[in-house]
Amino acid sequence: MMYPAPGIIERIGKDWDWVWLDGQHGQLGGYDTMLSMVRACDLVGRPAFVRVPDHEKGGIALAADMGAKAVIVPQVDTVEQAEALVRALKFPPLGNRSFGGRRPIDLHGRGYYRSKDVWLVCQIESPEALENADAIAALPGVDALFLGPDDLMLRWGVPLENSSDMIRLEAAIEKVATVCQRHGKASICVAAGAEATRLAFLHGVRYLVGGGDAMFLAHGSQFFRQAIAQAQETAKRPAPSAANTATAHAY
């Protein structure tokens, strides 16, 4: 989800297993907007994965206090960065997150810090991050790794329009999925197209990004516009004469 429209989640959220709310590149800026989106996910019974824009600990804790299932943090390149994120998101003794979230207390009581652990999802988006993926996945408090193929390809110097480097991308998908399985963590991946989807499932990726509101809106719009254009062209054609109709039937 990139557009600030909780109604979209109410309408189609049940079609999917989980919802990624993109607070980094989407248009979901503002606490009230993001909280409304998380509440919409709760309404349809689907877990909300909130991506924050950066590593700032206040924003990470605030996203967790909204009641999200997971907080996705972009561009986690090193073990040291991942350790700092664990401290920001997890309660003591593992981390240093402050207690007192209004919504979690209202929904689950003051014991929410024991029963409602929020996942830390570290995005692997650079060659350095890929090199450190095993060590990052091994950290207590890291719950999942999320491979970001676009940023990774840019840092490899591969144009995003070029799908010919699937061998290297497949190796990255396989590595992230393998280290997650080794350490009992979940793996997440964006799959752009049928081949990338097949590779993700083949290597055991657990959570797959299968599409988004912007894509669904554009594809639906294009489909119906083309259908209208075809009907319009058909209407412009002259109706067949009786003689031609009879000939056609005889033939």
# chains A, B, ... in the order shown; residues from 1 in each chain; ligands from 1
call {"tool": "residues_around", "arguments": {"residues": "A:Gly45", "least_positions_apart": "3", "cutoff": "9 Å", "atoms": "only C-alpha atoms", "output": "ChimeraX atom specification"}}
result
/A:13-14,18,40-42
call {"tool": "write_last_selection", "arguments": {"atoms": "N, CA, C and O atoms", "output": "compact mmCIF listing (two decimals), in the first residue's frame"}}
result
# COMPACT_ATOMS: atom_id res chain seq x y z
N GLY A 13 -8.23 -6.08 1.10
CA GLY A 13 -7.24 -6.62 2.02
C GLY A 13 -7.40 -8.10 2.28
O GLY A 13 -6.42 -8.85 2.44
N LYS A 14 -8.65 -8.58 2.32
CA LYS A 14 -8.91 -10.00 2.60
C LYS A 14 -8.43 -10.91 1.48
O LYS A 14 -8.34 -12.13 1.67
N TRP A 18 -1.13 -10.71 4.02
CA TRP A 18 -0.51 -9.66 4.83
C TRP A 18 -0.47 -8.38 4.01
O TRP A 18 -0.63 -8.43 2.79
N ALA A 40 -7.21 -0.43 9.63
CA ALA A 40 -7.93 -1.10 8.54
C ALA A 40 -7.45 -2.54 8.38
O ALA A 40 -8.25 -3.45 8.11
N CYS A 41 -6.14 -2.76 8.56
CA CYS A 41 -5.61 -4.12 8.50
C CYS A 41 -6.21 -4.97 9.61
O CYS A 41 -6.59 -6.14 9.40
N ASP A 42 -6.31 -4.41 10.82
CA ASP A 42 -6.93 -5.13 11.93
C ASP A 42 -8.38 -5.47 11.60
O ASP A 42 -8.87 -6.56 11.93
call {"tool": "select_by_dssp", "arguments": {"residues": "stretch 73-247 of chain A", "states": "strand (DSSP E)", "output": "NGL selection string"}}
result
:A and (73 or 119-124 or 144-147 or 186-190 or 207-209)
call {"tool": "atom_distance", "arguments": {"atom1": "atom CA of A:Arg51", "atom2": "atom CA of A:Gln27"}}
result
11.9 Å
call {"tool": "closest_residue", "arguments": {"among": "A:Ile9, A:Val76, A:Cys180, A:Ala63", "to": "A:Leu35", "atoms": "only C-alpha atoms"}}
result
A:Ala63
call {"tool": "atom_distance", "arguments": {"atom1": "atom CA of A:Ala192", "atom2": "atom CA of A:Ala137"}}
result
24.1 Å
call {"tool": "select_by_dssp", "arguments": {"residues": "stretch 95-212 of chain A", "states": "helix (DSSP H, G or I)", "output": "ChimeraX atom specification"}}
result
/A:102-108,112-115,127-131,133-138,149-156,166-182,194-202
call {"tool": "residues_around", "arguments": {"residues": "A:His55", "least_positions_apart": "5", "cutoff": "8 Å", "atoms": "only C-alpha atoms", "output": "list of chain:residue names"}}
result
A:Ile60, A:Val73, A:Pro74, A:Leu85
call {"tool": "write_last_selection", "arguments": {"atoms": "N, CA and C atoms", "output": "compact mmCIF listing (two decimals), in the first residue's frame"}}
result
# COMPACT_ATOMS: atom_id res chain seq x y z
N ILE A 60 10.68 4.25 14.73
CA ILE A 60 10.54 2.79 14.82
C ILE A 60 9.63 2.43 15.98
N VAL A 73 12.64 -2.03 8.21
CA VAL A 73 13.62 -0.94 8.20
C VAL A 73 14.48 -1.06 6.94
N PRO A 74 14.56 -0.01 6.12
CA PRO A 74 15.30 -0.09 4.87
C PRO A 74 16.81 -0.01 5.08
N LEU A 85 19.00 -1.43 15.73
CA LEU A 85 17.56 -1.56 15.46
C LEU A 85 16.89 -2.47 16.47
call {"tool": "atom_distance", "arguments": {"atom1": "atom CA of A:Tyr31", "atom2": "atom CA of A:His108"}}
result
20.6 Å
call {"tool": "residues_around", "arguments": {"residues": "A:Glu128", "least_positions_apart": "4", "cutoff": "8 Å", "atoms": "only C-alpha atoms", "output": "ChimeraX atom specification"}}
result
/A:77-78,132
call {"tool": "closest_atom_pairs", "arguments": {"of": "stretch 42-82 of chain A", "to": "stretch 142-152 of chain A", "cutoff": "9 Å", "atoms": "only C-alpha atoms", "output": "Markdown table"}}
result
| residue | atom | partner | partner_atom | distance |
| --- | --- | --- | --- | --- |
| A:Ala70 | CA | A:Asp143 | CA | 8.9 |
| A:Ile72 | CA | A:Phe146 | CA | 8.1 |
| A:Pro74 | CA | A:Gly148 | CA | 8.7 |
| A:Gln75 | CA | A:Gly148 | CA | 8.7 |
| A:Ala82 | CA | A:Val142 | CA | 7.5 |
call {"tool": "decode", "arguments": {"residues": "stretch 110-152 of chain A", "atoms": "N, CA and C atoms", "output": "PDB file, in the first residue's frame"}}
result
ATOM      1  N   ARG A 110      -1.728  -4.030  29.961  1.00  0.00           N
ATOM      2  CA  ARG A 110      -0.361  -3.620  30.255  1.00  0.00           C
ATOM      3  C   ARG A 110       0.655  -4.748  30.066  1.00  0.00           C
ATOM      4  N   GLY A 111       0.175  -5.945  29.888  1.00  0.00           N
ATOM      5  CA  GLY A 111       1.101  -7.052  29.634  1.00  0.00           C
ATOM      6  C   GLY A 111       1.448  -7.247  28.170  1.00  0.00           C
ATOM      7  N   TYR A 112       1.098  -6.250  27.325  1.00  0.00           N
ATOM      8  CA  TYR A 112       1.342  -6.413  25.884  1.00  0.00           C
ATOM      9  C   TYR A 112       2.813  -6.597  25.564  1.00  0.00           C
ATOM     10  N   TYR A 113       3.695  -6.082  26.411  1.00  0.00           N
ATOM     11  CA  TYR A 113       5.131  -6.193  26.136  1.00  0.00           C
ATOM     12  C   TYR A 113       5.595  -7.645  26.164  1.00  0.00           C
ATOM     13  N   ARG A 114       4.820  -8.516  26.801  1.00  0.00           N
ATOM     14  CA  ARG A 114       5.148  -9.942  26.815  1.00  0.00           C
ATOM     15  C   ARG A 114       4.480 -10.702  25.675  1.00  0.00           C
ATOM     16  N   SER A 115       3.259 -10.304  25.329  1.00  0.00           N
ATOM     17  CA  SER A 115       2.452 -11.109  24.406  1.00  0.00           C
ATOM     18  C   SER A 115       2.413 -10.593  22.975  1.00  0.00           C
ATOM     19  N   LYS A 116       2.785  -9.353  22.746  1.00  0.00           N
ATOM     20  CA  LYS A 116       2.651  -8.765  21.418  1.00  0.00           C
ATOM     21  C   LYS A 116       4.003  -8.278  20.901  1.00  0.00           C
ATOM     22  N   ASP A 117       4.898  -9.211  20.699  1.00  0.00           N
ATOM     23  CA  ASP A 117       6.213  -8.865  20.156  1.00  0.00           C
ATOM     24  C   ASP A 117       6.069  -8.393  18.715  1.00  0.00           C
ATOM     25  N   VAL A 118       6.741  -7.317  18.376  1.00  0.00           N
ATOM     26  CA  VAL A 118       6.718  -6.771  17.018  1.00  0.00           C
ATOM     27  C   VAL A 118       7.958  -7.251  16.277  1.00  0.00           C
ATOM     28  N   TRP A 119       7.745  -7.786  15.095  1.00  0.00           N
ATOM     29  CA  TRP A 119       8.877  -8.274  14.298  1.00  0.00           C
ATOM     30  C   TRP A 119       9.767  -7.127  13.842  1.00  0.00           C
ATOM     31  N   LEU A 120      11.062  -7.398  13.835  1.00  0.00           N
ATOM     32  CA  LEU A 120      12.030  -6.522  13.182  1.00  0.00           C
ATOM     33  C   LEU A 120      12.409  -7.157  11.853  1.00  0.00           C
ATOM     34  N   VAL A 121      12.110  -6.435  10.777  1.00  0.00           N
ATOM     35  CA  VAL A 121      12.423  -6.906   9.422  1.00  0.00           C
ATOM     36  C   VAL A 121      13.516  -6.005   8.862  1.00  0.00           C
ATOM     37  N   CYS A 122      14.676  -6.571   8.594  1.00  0.00           N
ATOM     38  CA  CYS A 122      15.812  -5.820   8.040  1.00  0.00           C
ATOM     39  C   CYS A 122      15.859  -5.988   6.531  1.00  0.00           C
ATOM     40  N   GLN A 123      15.874  -4.879   5.812  1.00  0.00           N
ATOM     41  CA  GLN A 123      15.951  -4.960   4.352  1.00  0.00           C
ATOM     42  C   GLN A 123      17.400  -5.110   3.891  1.00  0.00           C
ATOM     43  N   ILE A 124      17.604  -6.080   3.028  1.00  0.00           N
ATOM     44  CA  ILE A 124      18.914  -6.368   2.434  1.00  0.00           C
ATOM     45  C   ILE A 124      18.891  -5.791   1.029  1.00  0.00           C
ATOM     46  N   GLU A 125      19.614  -4.665   0.828  1.00  0.00           N
ATOM     47  CA  GLU A 125      19.453  -3.908  -0.412  1.00  0.00           C
ATOM     48  C   GLU A 125      20.772  -3.477  -1.043  1.00  0.00           C
ATOM     49  N   SER A 126      21.881  -4.042  -0.619  1.00  0.00           N
ATOM     50  CA  SER A 126      23.172  -3.652  -1.172  1.00  0.00           C
ATOM     51  C   SER A 126      24.102  -4.861  -1.168  1.00  0.00           C
ATOM     52  N   PRO A 127      25.166  -4.827  -1.963  1.00  0.00           N
ATOM     53  CA  PRO A 127      26.137  -5.928  -1.904  1.00  0.00           C
ATOM     54  C   PRO A 127      26.714  -6.118  -0.507  1.00  0.00           C
ATOM     55  N   GLU A 128      26.939  -5.018   0.224  1.00  0.00           N
ATOM     56  CA  GLU A 128      27.451  -5.126   1.584  1.00  0.00           C
ATOM     57  C   GLU A 128      26.456  -5.855   2.487  1.00  0.00           C
ATOM     58  N   ALA A 129      25.186  -5.508   2.359  1.00  0.00           N
ATOM     59  CA  ALA A 129      24.161  -6.164   3.159  1.00  0.00           C
ATOM     60  C   ALA A 129      24.061  -7.643   2.815  1.00  0.00           C
ATOM     61  N   LEU A 130      24.177  -7.951   1.525  1.00  0.00           N
ATOM     62  CA  LEU A 130      24.111  -9.351   1.098  1.00  0.00           C
ATOM     63  C   LEU A 130      25.286 -10.133   1.682  1.00  0.00           C
ATOM     64  N   GLU A 131      26.443  -9.505   1.725  1.00  0.00           N
ATOM     65  CA  GLU A 131      27.622 -10.145   2.305  1.00  0.00           C
ATOM     66  C   GLU A 131      27.422 -10.409   3.799  1.00  0.00           C
ATOM     67  N   ASN A 132      26.709  -9.527   4.471  1.00  0.00           N
ATOM     68  CA  ASN A 132      26.516  -9.650   5.911  1.00  0.00           C
ATOM     69  C   ASN A 132      25.193 -10.317   6.288  1.00  0.00           C
ATOM     70  N   ALA A 133      24.465 -10.837   5.310  1.00  0.00           N
ATOM     71  CA  ALA A 133      23.108 -11.342   5.559  1.00  0.00           C
ATOM     72  C   ALA A 133      23.087 -12.460   6.594  1.00  0.00           C
ATOM     73  N   ASP A 134      24.040 -13.369   6.544  1.00  0.00           N
ATOM     74  CA  ASP A 134      24.054 -14.484   7.490  1.00  0.00           C
ATOM     75  C   ASP A 134      24.228 -13.977   8.924  1.00  0.00           C
ATOM     76  N   ALA A 135      25.153 -13.058   9.124  1.00  0.00           N
ATOM     77  CA  ALA A 135      25.402 -12.529  10.469  1.00  0.00           C
ATOM     78  C   ALA A 135      24.225 -11.698  10.968  1.00  0.00           C
ATOM     79  N   ILE A 136      23.565 -10.969  10.072  1.00  0.00           N
ATOM     80  CA  ILE A 136      22.402 -10.179  10.469  1.00  0.00           C
ATOM     81  C   ILE A 136      21.249 -11.106  10.870  1.00  0.00           C
ATOM     82  N   ALA A 137      21.027 -12.151  10.074  1.00  0.00           N
ATOM     83  CA  ALA A 137      19.954 -13.099  10.383  1.00  0.00           C
ATOM     84  C   ALA A 137      20.199 -13.836  11.690  1.00  0.00           C
ATOM     85  N   ALA A 138      21.456 -14.014  12.062  1.00  0.00           N
ATOM     86  CA  ALA A 138      21.798 -14.744  13.283  1.00  0.00           C
ATOM     87  C   ALA A 138      21.520 -13.953  14.551  1.00  0.00           C
ATOM     88  N   LEU A 139      21.325 -12.631  14.436  1.00  0.00           N
ATOM     89  CA  LEU A 139      21.154 -11.791  15.624  1.00  0.00           C
ATOM     90  C   LEU A 139      19.834 -12.086  16.328  1.00  0.00           C
ATOM     91  N   PRO A 140      19.847 -12.299  17.640  1.00  0.00           N
ATOM     92  CA  PRO A 140      18.594 -12.355  18.394  1.00  0.00           C
ATOM     93  C   PRO A 140      17.858 -11.020  18.280  1.00  0.00           C
ATOM     94  N   GLY A 141      16.573 -11.085  18.003  1.00  0.00           N
ATOM     95  CA  GLY A 141      15.797  -9.859  17.842  1.00  0.00           C
ATOM     96  C   GLY A 141      15.526  -9.490  16.399  1.00  0.00           C
ATOM     97  N   VAL A 142      16.311 -10.020  15.476  1.00  0.00           N
ATOM     98  CA  VAL A 142      16.009  -9.878  14.052  1.00  0.00           C
ATOM     99  C   VAL A 142      15.089 -11.029  13.675  1.00  0.00           C
ATOM    100  N   ASP A 143      13.906 -10.706  13.155  1.00  0.00           N
ATOM    101  CA  ASP A 143      12.905 -11.728  12.887  1.00  0.00           C
ATOM    102  C   ASP A 143      12.799 -12.119  11.420  1.00  0.00           C
ATOM    103  N   ALA A 144      13.239 -11.234  10.528  1.00  0.00           N
ATOM    104  CA  ALA A 144      13.109 -11.518   9.096  1.00  0.00           C
ATOM    105  C   ALA A 144      14.076 -10.652   8.305  1.00  0.00           C
ATOM    106  N   LEU A 145      14.461 -11.156   7.133  1.00  0.00           N
ATOM    107  CA  LEU A 145      15.224 -10.385   6.158  1.00  0.00           C
ATOM    108  C   LEU A 145      14.365 -10.194   4.921  1.00  0.00           C
ATOM    109  N   PHE A 146      14.409  -8.987   4.374  1.00  0.00           N
ATOM    110  CA  PHE A 146      13.585  -8.614   3.227  1.00  0.00           C
ATOM    111  C   PHE A 146      14.541  -8.192   2.113  1.00  0.00           C
ATOM    112  N   LEU A 147      14.643  -9.004   1.077  1.00  0.00           N
ATOM    113  CA  LEU A 147      15.516  -8.685  -0.049  1.00  0.00           C
ATOM    114  C   LEU A 147      14.864  -7.613  -0.917  1.00  0.00           C
ATOM    115  N   GLY A 148      15.580  -6.483  -1.107  1.00  0.00           N
ATOM    116  CA  GLY A 148      15.101  -5.422  -1.984  1.00  0.00           C
ATOM    117  C   GLY A 148      15.819  -5.487  -3.323  1.00  0.00           C
ATOM    118  N   PRO A 149      15.219  -6.086  -4.345  1.00  0.00           N
ATOM    119  CA  PRO A 149      15.941  -6.323  -5.598  1.00  0.00           C
ATOM    120  C   PRO A 149      16.288  -5.060  -6.373  1.00  0.00           C
ATOM    121  N   ASP A 150      15.434  -4.040  -6.337  1.00  0.00           N
ATOM    122  CA  ASP A 150      15.699  -2.846  -7.142  1.00  0.00           C
ATOM    123  C   ASP A 150      16.952  -2.120  -6.671  1.00  0.00           C
ATOM    124  N   ASP A 151      17.030  -1.850  -5.370  1.00  0.00           N
ATOM    125  CA  ASP A 151      18.220  -1.160  -4.860  1.00  0.00           C
ATOM    126  C   ASP A 151      19.472  -2.007  -5.047  1.00  0.00           C
ATOM    127  N   LEU A 152      19.332  -3.300  -4.892  1.00  0.00           N
ATOM    128  CA  LEU A 152      20.481  -4.187  -5.079  1.00  0.00           C
ATOM    129  C   LEU A 152      20.979  -4.121  -6.516  1.00  0.00           C
TER     130      LEU A 152
END
